[in-house]
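Novice: Before we start, here is the structure in question, set down as structure tokens.
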Amino acid sequence: MTALLRLIGTGGVIAYRALFNWTTPAMFVGTLLVGPLFQLFFFAYLGRQLGVADDRFYIVGNAVLAASVACVFGGTMAVSNERRFGTLGHVLLSPRSRTAIFLGRALPYALNGLLIAVSTLTVSSLLLGLRIPVTALPGLLLMLAAAALACGFFGLTLGAIGLRFRDVWLVSNVAVALLLLLTGVNVPAAGLPAGLRAVGGVLPITHAAEGARRLVAGDGFGAAAPALAAELAIGLGYAILAAALLKLFETESRRQATLETV
Amino acid sequence: MLAVGALLHAKQLSRSPFEITTALIVPVVQATLAVYLFRAGGEPGRLLEAAVGAGLMGVWSSVLFGSGGAIQNQRWLGTLEMIMLAPRPPALVVLPITLATALTGTYAMVATLVWGRLLYGIPLDFARPLLFAVAVPGCILGLGMFGLLLASTFVLLRNANALTNTLEYPIWLVSGMLVPITALPAWTGPVAAVLPTTWGARAVREAATGSGPVWPSLGICLAISLACLALGALMMTHVERRARAAATLALA
């Protein structure tokens, strides 16, 4: 068990460090911390101008969503970069559980996403003047962590698809754009058709954003707990789906000898 | 040379399923989002404005990511040295690439308008259709020239791709592509005024909705873009000489 946890934890951290090895703190801050802030401002001002919802709706929703870019692209890169850098074969040759290796890689991205979401919420609240009840903070942190974890596994699912299809970045780009539309972060769920709402219901972020809004509104943890449970369940679902797809596509790639060529 | 080069690079970009699908799908998602937002805000009369705005956002994304990565892409393709060896000023060799990225950005504009018409029944009743047909290419030409400045600036940065991710939303916001500039804090006004994207977006919106005279906005957009082109050309020459002298042309 200790060895498995070491594989998941240490393996994930090493892979994360490798990913960010070539970047600089300035770029990390610019892309992952400043970028989501501008996204939030864009929708907050658009919402204000159209009178769709108040600042709280956009600040909280977009802060939860802020975790998604790092987690979805990170999860995708966790798998697809192995192919890009020619190391996929080495990883798959390992006698250890590849499921554990790859699932472990989602964890640092989830922590990263949590950091981004917290930073976005803090800075935007200060700049746009949102007051968050202190009692809501622990629950809010839990909600953001659940959203980040669900997004990380969602990204890993997309990354698994990268074992089969070459243009996995296309899938990730479209997925991130769809999260903007379908999770009710920017358009109130009531304003979306039932079909789109249903799709949003099985995506990460949707339930966490709803729960976070309840917490910030002062409804208490009890009111937000069902949303937290739903977000965690969705995260678990994507973790299982990612593990299944990784297993399936690895087997298929080995059988067809297309590991590095698809 | 500019026309042939732009056509060549536009063709090359159009062969990439990633580029095409991204240029088509992501703006359509943005347009859908804009349509639902405008509907939720009780502004169904402004849906054409929303579709045009989303299309312009797609054009800017195409220019930003395409021009920002123009040099890096050539480097990755192994063709940067060949391009720089051409007996032409480097700006003339790179400008067709940035123009091509703006050209492929028109897919976004077309996609959002067609999507809006077919799915949401948005009438394409442009207040000044002829001027719209002039304003869109004018805006695209302007953004292509602005792209050269981006390309020459980003070549100096090791992680230019990361910076491009940061610049997408601020320009959408400050240029008033969906959010009116008047809704923003006053200090953003001077920033907006020096961006060709602001004037290009304004010209296209004025042509679509008839909210103002198109020519002044388009003229200012092109004037600022020409200044960007001159600045970008100077910078590109400087960067190219420095890279040759330091033997770092092929290095990130």
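Ordered as shown in the structure tokens, chains take letters A, B, and onward, while each chain numbers its residues from 1 and ligands are numbered from 1 in the order shown.
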Residues of chain A within 9 Å of chain B: nearest atom pair and distance (Å, one decimal) for each, counting only C-alpha atoms, sorted by chain and number, as a tab-separated table?

Specialist:
```
residue	atom	partner	partner_atom	distance
A:Trp22	CA	B:Asn159	CA	8.7
A:Thr23	CA	B:Asn159	CA	6.9
A:Thr24	CA	B:Asn159	CA	8.2
A:Met27	CA	B:Ala162	CA	6.2
A:Phe28	CA	B:Ala162	CA	8.1
A:Gly30	CA	B:Thr166	CA	6.1
A:Thr31	CA	B:Thr166	CA	5.3
A:Leu32	CA	B:Thr166	CA	8.2
A:Val34	CA	B:Thr166	CA	6.8
A:Gly35	CA	B:Thr166	CA	4.6
A:Pro36	CA	B:Thr166	CA	8.2
A:Phe38	CA	B:Tyr169	CA	5.7
A:Gln39	CA	B:Tyr169	CA	5.7
A:Phe41	CA	B:Leu173	CA	8.1
A:Phe42	CA	B:Leu173	CA	5.6
A:Phe43	CA	B:Val179	CA	8.7
A:Tyr45	CA	B:Val179	CA	6.8
A:Leu46	CA	B:Val179	CA	5.3
A:Gly47	CA	B:Leu37	CA	7.7
A:Arg48	CA	B:Ala183	CA	8.3
A:Gln49	CA	B:Ala183	CA	6.5
A:Leu50	CA	B:Gly41	CA	4.8
A:Gly51	CA	B:Gly41	CA	5.5
A:Val52	CA	B:Gly41	CA	4.7
A:Ala53	CA	B:Gly41	CA	8.4
A:Asp167	CA	B:Phe18	CA	6.7
A:Trp169	CA	B:Phe18	CA	7.8
A:Leu170	CA	B:Phe18	CA	5.7
A:Asn173	CA	B:Thr22	CA	7.4
A:Val174	CA	B:Val26	CA	6.1
A:Ala177	CA	B:Val26	CA	6.2
A:Leu178	CA	B:Val29	CA	6.7
A:Leu180	CA	B:Leu33	CA	7.9
A:Leu181	CA	B:Leu33	CA	5.6
A:Leu182	CA	B:Leu33	CA	8.8
A:Asn186	CA	B:Leu37	CA	7.8
A:Val187	CA	B:Leu37	CA	5.9
A:Pro188	CA	B:Ala40	CA	8.0
A:Ala190	CA	B:Ala40	CA	8.9
A:Gly191	CA	B:Ala40	CA	6.0
A:Leu192	CA	B:Tyr36	CA	7.0
```

Novice: Output the selection as a compact mmCIF listing (two decimals), in the first residue's frame - N, CA and C atoms for each residue.

Specialist:
```txt
# COMPACT_ATOMS: atom_id res chain seq x y z
N TRP A 22 10.40 23.79 -17.85
CA TRP A 22 10.94 24.79 -18.77
C TRP A 22 10.27 26.15 -18.64
N THR A 23 9.27 26.24 -17.80
CA THR A 23 8.60 27.53 -17.71
C THR A 23 9.20 28.36 -16.58
N THR A 24 8.74 29.58 -16.46
CA THR A 24 9.28 30.48 -15.45
C THR A 24 8.14 30.93 -14.54
N MET A 27 5.73 33.34 -16.17
CA MET A 27 4.80 32.76 -17.11
C MET A 27 3.69 31.98 -16.39
N PHE A 28 4.07 31.34 -15.30
CA PHE A 28 3.07 30.61 -14.50
C PHE A 28 2.02 31.59 -13.99
N GLY A 30 1.38 34.62 -15.14
CA GLY A 30 0.66 35.24 -16.26
C GLY A 30 -0.43 34.35 -16.82
N THR A 31 -0.08 33.10 -17.07
CA THR A 31 -1.04 32.21 -17.72
C THR A 31 -2.08 31.67 -16.77
N LEU A 32 -1.63 31.21 -15.62
CA LEU A 32 -2.55 30.47 -14.76
C LEU A 32 -3.21 31.33 -13.68
N VAL A 34 -3.21 35.14 -13.81
CA VAL A 34 -3.78 36.38 -14.36
C VAL A 34 -4.84 36.08 -15.43
N GLY A 35 -4.58 35.08 -16.25
CA GLY A 35 -5.51 34.73 -17.34
C GLY A 35 -6.93 34.50 -16.84
N PRO A 36 -7.14 33.64 -15.85
CA PRO A 36 -8.51 33.41 -15.35
C PRO A 36 -9.15 34.66 -14.76
N PHE A 38 -8.82 37.74 -15.91
CA PHE A 38 -9.37 38.52 -17.02
C PHE A 38 -10.64 37.86 -17.56
N GLN A 39 -10.65 36.54 -17.56
CA GLN A 39 -11.86 35.83 -17.99
C GLN A 39 -13.02 36.21 -17.07
N PHE A 41 -13.30 38.93 -15.21
CA PHE A 41 -13.70 40.32 -15.42
C PHE A 41 -14.56 40.47 -16.67
N PHE A 42 -14.16 39.74 -17.72
CA PHE A 42 -14.90 39.81 -18.98
C PHE A 42 -16.38 39.47 -18.74
N PHE A 43 -16.61 38.35 -18.08
CA PHE A 43 -17.99 37.92 -17.89
C PHE A 43 -18.70 38.76 -16.82
N TYR A 45 -18.26 41.97 -16.28
CA TYR A 45 -18.68 43.23 -16.90
C TYR A 45 -19.79 42.99 -17.93
N LEU A 46 -19.70 41.86 -18.65
CA LEU A 46 -20.75 41.55 -19.62
C LEU A 46 -22.07 41.30 -18.88
N GLY A 47 -21.98 40.56 -17.77
CA GLY A 47 -23.18 40.29 -16.98
C GLY A 47 -23.78 41.56 -16.40
N ARG A 48 -22.91 42.45 -15.94
CA ARG A 48 -23.37 43.73 -15.40
C ARG A 48 -24.11 44.52 -16.47
N GLN A 49 -23.47 44.57 -17.64
CA GLN A 49 -24.02 45.40 -18.71
C GLN A 49 -25.37 44.86 -19.19
N LEU A 50 -25.49 43.53 -19.23
CA LEU A 50 -26.74 42.93 -19.71
C LEU A 50 -27.75 42.76 -18.58
N GLY A 51 -27.28 42.92 -17.36
CA GLY A 51 -28.18 42.76 -16.21
C GLY A 51 -28.62 41.32 -16.01
N VAL A 52 -27.77 40.38 -16.40
CA VAL A 52 -28.13 38.95 -16.29
C VAL A 52 -28.09 38.50 -14.83
N ALA A 53 -27.03 38.87 -14.14
CA ALA A 53 -26.88 38.45 -12.74
C ALA A 53 -25.93 39.43 -12.05
N ASP A 167 -5.17 14.32 -32.35
CA ASP A 167 -5.49 15.71 -32.05
C ASP A 167 -6.22 15.85 -30.72
N TRP A 169 -5.51 17.86 -28.39
CA TRP A 169 -5.59 19.28 -28.01
C TRP A 169 -6.88 19.90 -28.52
N LEU A 170 -7.30 19.39 -29.64
CA LEU A 170 -8.57 19.86 -30.18
C LEU A 170 -9.70 19.52 -29.22
N ASN A 173 -9.42 21.79 -26.11
CA ASN A 173 -9.85 23.17 -26.37
C ASN A 173 -11.36 23.27 -26.42
N VAL A 174 -11.96 22.32 -27.13
CA VAL A 174 -13.42 22.35 -27.26
C VAL A 174 -14.06 22.06 -25.90
N ALA A 177 -13.99 25.13 -23.76
CA ALA A 177 -14.98 26.10 -24.24
C ALA A 177 -16.39 25.66 -23.83
N LEU A 178 -16.64 24.35 -23.90
CA LEU A 178 -17.97 23.86 -23.53
C LEU A 178 -18.24 24.02 -22.03
N LEU A 180 -17.36 26.50 -20.31
CA LEU A 180 -17.81 27.89 -20.17
C LEU A 180 -19.31 28.01 -20.38
N LEU A 181 -19.79 27.25 -21.36
CA LEU A 181 -21.18 27.38 -21.76
C LEU A 181 -22.13 26.54 -20.90
N LEU A 182 -21.71 25.30 -20.62
CA LEU A 182 -22.67 24.33 -20.09
C LEU A 182 -22.74 24.22 -18.57
N ASN A 186 -21.60 31.07 -16.37
CA ASN A 186 -21.82 32.39 -16.95
C ASN A 186 -23.25 32.64 -17.41
N VAL A 187 -23.91 31.58 -17.83
CA VAL A 187 -25.33 31.72 -18.18
C VAL A 187 -26.11 30.98 -17.09
N PRO A 188 -27.02 31.65 -16.41
CA PRO A 188 -27.81 30.94 -15.38
C PRO A 188 -28.47 29.70 -15.99
N ALA A 190 -31.15 28.33 -15.66
CA ALA A 190 -32.53 28.49 -16.12
C ALA A 190 -32.60 29.05 -17.54
N GLY A 191 -31.51 29.71 -17.95
CA GLY A 191 -31.51 30.30 -19.29
C GLY A 191 -31.05 29.35 -20.37
N LEU A 192 -30.67 28.14 -19.98
CA LEU A 192 -30.20 27.15 -20.96
C LEU A 192 -31.31 26.15 -21.27
```

Novice: List the spatial neighbours of Gly55 (chain B) as a list in words - criterion: any atom at most 10 Å away, only C-alpha atoms, same-chain residues fewer than 3 positions off excluded.

Specialist: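 Once the adjacent positions are removed, what remains is Ala23, Leu24, Pro27, Val28, Gln30, Ala31, Glu49, Ala50, Ala51, Val52, Gly58, Val59, Trp60, Ser61, Gly105, Thr106, Tyr107, Ala108, Met109, Val110, Ala111, Thr112, Leu113 and Met177 of chain B.
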
Novice: If we count only C-alpha atoms, what is near region 146-161 of chain A at a cut-off of 8 Å, once residues fewer than 4 positions away on the same chain are taken out, given as a VMD selection string?

Specialist: chain A and resid 64 67 to 68 71 to 80 102 to 103 106 to 107 109 to 111 113 to 114 142 165 168 171 to 172 204 to 205 208 228 231 to 232 234 to 236 238 to 239 241 to 243 245 to 246 249

Novice: Rank nothing, just name the residue among B:Leu231, B:Ile83, B:Leu47, B:Val136 nearest to Tyr120 (chain B), using only C-alpha atoms.

Specialist: B:Leu47

Novice: Tell me which of B:Ala230, B:Met235, B:Leu95, B:Leu130 sits closest to Val4 (chain B), counting only C-alpha atoms.

Specialist: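 So, comparing all the options, the nearest one is B:Leu95.
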
Novice: Which neighbours of region 148-154 of chain B fall inside 9 Å, counting only C-alpha atoms, when residues of the same chain fewer than 2 positions from it are skipped, and could you give them as a VMD selection string?

Specialist: chain B and resid 64 66 to 71 91 94 to 95 97 to 99 143 to 146 156 to 161 163 to 164 228 to 237 239

Novice: Store the residues picked out above, limited to C-alpha atoms, as a PDB file, in the first residue's frame.

Specialist:
```pdb
ATOM      1  CA  LEU B  64      -3.176  36.112 -31.323  1.00  0.00           C
ATOM      2  CA  GLY B  66      -1.300  32.300 -34.938  1.00  0.00           C
ATOM      3  CA  SER B  67       0.913  35.370 -34.915  1.00  0.00           C
ATOM      4  CA  GLY B  68       2.159  34.780 -31.413  1.00  0.00           C
ATOM      5  CA  GLY B  69       3.344  31.366 -32.457  1.00  0.00           C
ATOM      6  CA  ALA B  70       4.324  32.301 -36.028  1.00  0.00           C
ATOM      7  CA  ILE B  71       8.076  32.267 -35.462  1.00  0.00           C
ATOM      8  CA  ALA B  91       9.099  41.520 -42.005  1.00  0.00           C
ATOM      9  CA  VAL B  94       6.641  37.003 -41.722  1.00  0.00           C
ATOM     10  CA  LEU B  95       3.797  39.409 -42.562  1.00  0.00           C
ATOM     11  CA  ILE B  97       1.998  34.426 -42.002  1.00  0.00           C
ATOM     12  CA  THR B  98       0.253  36.898 -39.720  1.00  0.00           C
ATOM     13  CA  LEU B  99      -2.095  37.953 -42.527  1.00  0.00           C
ATOM     14  CA  LEU B 143      -5.286  42.729 -37.263  1.00  0.00           C
ATOM     15  CA  GLY B 144      -2.887  40.922 -39.598  1.00  0.00           C
ATOM     16  CA  MET B 145      -0.540  43.933 -39.494  1.00  0.00           C
ATOM     17  CA  PHE B 146      -0.905  44.137 -35.722  1.00  0.00           C
ATOM     18  CA  LEU B 156      12.002  37.673 -27.907  1.00  0.00           C
ATOM     19  CA  LEU B 157      10.122  35.726 -25.257  1.00  0.00           C
ATOM     20  CA  ARG B 158      11.001  32.175 -24.469  1.00  0.00           C
ATOM     21  CA  ASN B 159       7.462  31.291 -23.424  1.00  0.00           C
ATOM     22  CA  ALA B 160       5.500  33.367 -25.903  1.00  0.00           C
ATOM     23  CA  ASN B 161       2.788  30.728 -26.128  1.00  0.00           C
ATOM     24  CA  LEU B 163       1.682  34.936 -22.885  1.00  0.00           C
ATOM     25  CA  THR B 164      -0.781  34.502 -25.727  1.00  0.00           C
ATOM     26  CA  CYS B 228       2.210  48.557 -35.691  1.00  0.00           C
ATOM     27  CA  LEU B 229       3.430  47.196 -39.004  1.00  0.00           C
ATOM     28  CA  ALA B 230       6.276  49.735 -39.164  1.00  0.00           C
ATOM     29  CA  LEU B 231       7.230  49.076 -35.555  1.00  0.00           C
ATOM     30  CA  GLY B 232       6.987  45.330 -36.053  1.00  0.00           C
ATOM     31  CA  ALA B 233       9.159  45.515 -39.181  1.00  0.00           C
ATOM     32  CA  LEU B 234      11.855  47.451 -37.327  1.00  0.00           C
ATOM     33  CA  MET B 235      11.746  45.060 -34.429  1.00  0.00           C
ATOM     34  CA  MET B 236      11.784  42.021 -36.685  1.00  0.00           C
ATOM     35  CA  THR B 237      14.903  43.289 -38.472  1.00  0.00           C
ATOM     36  CA  VAL B 239      15.668  40.579 -33.732  1.00  0.00           C
TER      37      VAL B 239
END
```

Novice: Would you give me, as a PyMOL selection string, the residues in region 54-232 of chain B that DSSP reads as alpha helix (DSSP H)?

Specialist: chain B and resi 54-68+70-77+80-85+90-120+129-154+160-174+188-193+196-209+214-232

Novice: Mind giving me the straight-line distance from CA of Gly142 (chain B) to CA of Trp199 (chain B) in Å, one decimal?

Specialist: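 These atoms are spaced 9.6 Å apart.
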
Novice: Env of Asp125 (chain B): 9 Å cut, atoms = only C-alpha atoms, seq-sep filter 5 positions within chain, self excluded. Answer as a PDB file with all heavy atoms, in the first residue's frame.

Specialist:
```pdb
ATOM      1  N   LEU B  48     -27.728  39.967 -33.285  1.00  0.00           N
ATOM      2  CA  LEU B  48     -26.795  40.093 -34.407  1.00  0.00           C
ATOM      3  C   LEU B  48     -25.475  40.680 -33.913  1.00  0.00           C
ATOM      4  O   LEU B  48     -24.391  40.219 -34.286  1.00  0.00           O
ATOM      5  CB  LEU B  48     -27.395  40.975 -35.507  1.00  0.00           C
ATOM      6  CG  LEU B  48     -26.493  41.217 -36.720  1.00  0.00           C
ATOM      7  CD1 LEU B  48     -26.162  39.911 -37.420  1.00  0.00           C
ATOM      8  CD2 LEU B  48     -27.135  42.188 -37.713  1.00  0.00           C
ATOM      9  N   ALA B 208     -22.627  46.766 -39.047  1.00  0.00           N
ATOM     10  CA  ALA B 208     -23.680  45.765 -38.830  1.00  0.00           C
ATOM     11  C   ALA B 208     -24.948  46.390 -38.258  1.00  0.00           C
ATOM     12  O   ALA B 208     -26.056  46.014 -38.639  1.00  0.00           O
ATOM     13  CB  ALA B 208     -23.168  44.671 -37.898  1.00  0.00           C
ATOM     14  N   THR B 209     -24.766  47.352 -37.354  1.00  0.00           N
ATOM     15  CA  THR B 209     -25.945  47.881 -36.649  1.00  0.00           C
ATOM     16  C   THR B 209     -26.333  49.296 -37.081  1.00  0.00           C
ATOM     17  O   THR B 209     -27.416  49.773 -36.716  1.00  0.00           O
ATOM     18  CB  THR B 209     -25.683  47.915 -35.126  1.00  0.00           C
ATOM     19  OG1 THR B 209     -24.561  48.794 -34.877  1.00  0.00           O
ATOM     20  CG2 THR B 209     -25.336  46.542 -34.581  1.00  0.00           C
TER      21      THR B 209
END
```

Novice: Neighbouring residues of region 123-140 of chain A were defined as those with any atom within 12 Å, considering only C-alpha atoms; residues of the same chain fewer than 3 positions away were excluded. Please report them as an MDAnalysis selection string.

Specialist: (chainID A and resid 33:34 36:42 44:45 48 54:64 66 114 116:120 143:147 208:225 227:228) or (chainID B and resid 185)

Novice: Skipping near chain neighbours, those fewer than 2 positions away, what residues fall within 10 Å of Ala100 (chain A) using only C-alpha atoms, listed as a list of chain:residue names?

Specialist: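 Listing them by chain and then by number gives A:Leu4, A:Leu5, A:Leu7, A:Ile8, A:Gly9, A:Gly11, A:Gly12, A:Arg96, A:Ser97, A:Arg98, A:Phe102, A:Leu103, A:Gly104, A:Arg105, A:Ala243.
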
Novice: Let's have the selection written as a compact mmCIF listing (two decimals), in the first residue's frame, with N, CA, C and O atoms.

Specialist:
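What landed in out_31.txt:
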```
# COMPACT_ATOMS: atom_id res chain seq x y z
N LEU A 4 2.29 1.79 -3.32
CA LEU A 4 1.29 2.32 -4.27
C LEU A 4 1.10 3.83 -4.06
O LEU A 4 1.08 4.60 -5.02
N LEU A 5 1.01 4.22 -2.78
CA LEU A 5 0.84 5.64 -2.49
C LEU A 5 2.06 6.44 -2.93
O LEU A 5 1.95 7.57 -3.41
N LEU A 7 3.99 5.62 -5.39
CA LEU A 7 3.93 5.67 -6.86
C LEU A 7 2.99 6.80 -7.30
O LEU A 7 3.32 7.59 -8.20
N ILE A 8 1.84 6.87 -6.62
CA ILE A 8 0.85 7.90 -6.99
C ILE A 8 1.38 9.29 -6.63
O ILE A 8 1.38 10.20 -7.45
N GLY A 9 1.86 9.43 -5.40
CA GLY A 9 2.28 10.74 -4.91
C GLY A 9 3.57 11.23 -5.55
O GLY A 9 3.59 12.26 -6.23
N GLY A 11 5.34 9.90 -7.96
CA GLY A 11 5.29 9.86 -9.43
C GLY A 11 4.57 11.07 -9.99
O GLY A 11 5.02 11.69 -10.96
N GLY A 12 3.47 11.41 -9.35
CA GLY A 12 2.71 12.58 -9.81
C GLY A 12 3.50 13.86 -9.68
O GLY A 12 3.52 14.69 -10.59
N ARG A 96 4.76 -1.60 -12.99
CA ARG A 96 3.78 -1.11 -12.01
C ARG A 96 2.47 -0.76 -12.71
O ARG A 96 2.40 -0.69 -13.93
N SER A 97 1.45 -0.54 -11.88
CA SER A 97 0.12 -0.24 -12.41
C SER A 97 0.12 1.11 -13.14
O SER A 97 0.41 2.14 -12.54
N ARG A 98 -0.16 1.04 -14.41
CA ARG A 98 -0.23 2.30 -15.18
C ARG A 98 -1.42 3.15 -14.72
O ARG A 98 -1.40 4.37 -14.78
N PHE A 102 -0.98 7.05 -13.80
CA PHE A 102 -1.67 8.16 -14.45
C PHE A 102 -2.67 8.85 -13.52
O PHE A 102 -2.80 10.08 -13.54
N LEU A 103 -3.36 8.07 -12.69
CA LEU A 103 -4.29 8.72 -11.76
C LEU A 103 -3.53 9.62 -10.79
O LEU A 103 -4.00 10.69 -10.41
N GLY A 104 -2.34 9.18 -10.41
CA GLY A 104 -1.50 9.99 -9.52
C GLY A 104 -1.12 11.31 -10.14
O GLY A 104 -0.93 12.31 -9.45
N ARG A 105 -1.03 11.31 -11.45
CA ARG A 105 -0.62 12.55 -12.12
C ARG A 105 -1.70 13.63 -12.06
O ARG A 105 -1.41 14.80 -12.24
N ALA A 243 -9.49 5.64 -15.99
CA ALA A 243 -8.74 4.39 -15.78
C ALA A 243 -9.15 3.34 -16.81
O ALA A 243 -8.30 2.64 -17.38
```

Novice: Between CA of Thr10 (chain A) and CA of Thr99 (chain A), what is the distance in Å, rounded to a tenth?

Specialist: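 Between CA of Thr10 (chain A) and CA of Thr99 (chain A) the gap is 14.6 Å.
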
Novice: Pick the closest to Leu218 (chain B) from B:Ala245, B:Val114, B:Glu240, B:Ile140: which is it, counting only C-alpha atoms?

Specialist: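 With only C-alpha atoms as the atom set, the closest residue is B:Ile140.
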
Novice: Just the number, please: distance in Å from CA of Gly147 (chain B) to CA of Val63 (chain B), one decimal.

Specialist: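 Taking CA of Gly147 (chain B) and CA of Val63 (chain B), their separation equals 6.1 Å.
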
Novice: Calculated over only C-alpha atoms, which of the candidates B:Ala102, B:Ala135, B:Ala207, B:Leu2 has the smallest distance to Phe65 (chain B)?

Specialist: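 Result for the nearest residue to Phe65 (chain B): B:Ala102.
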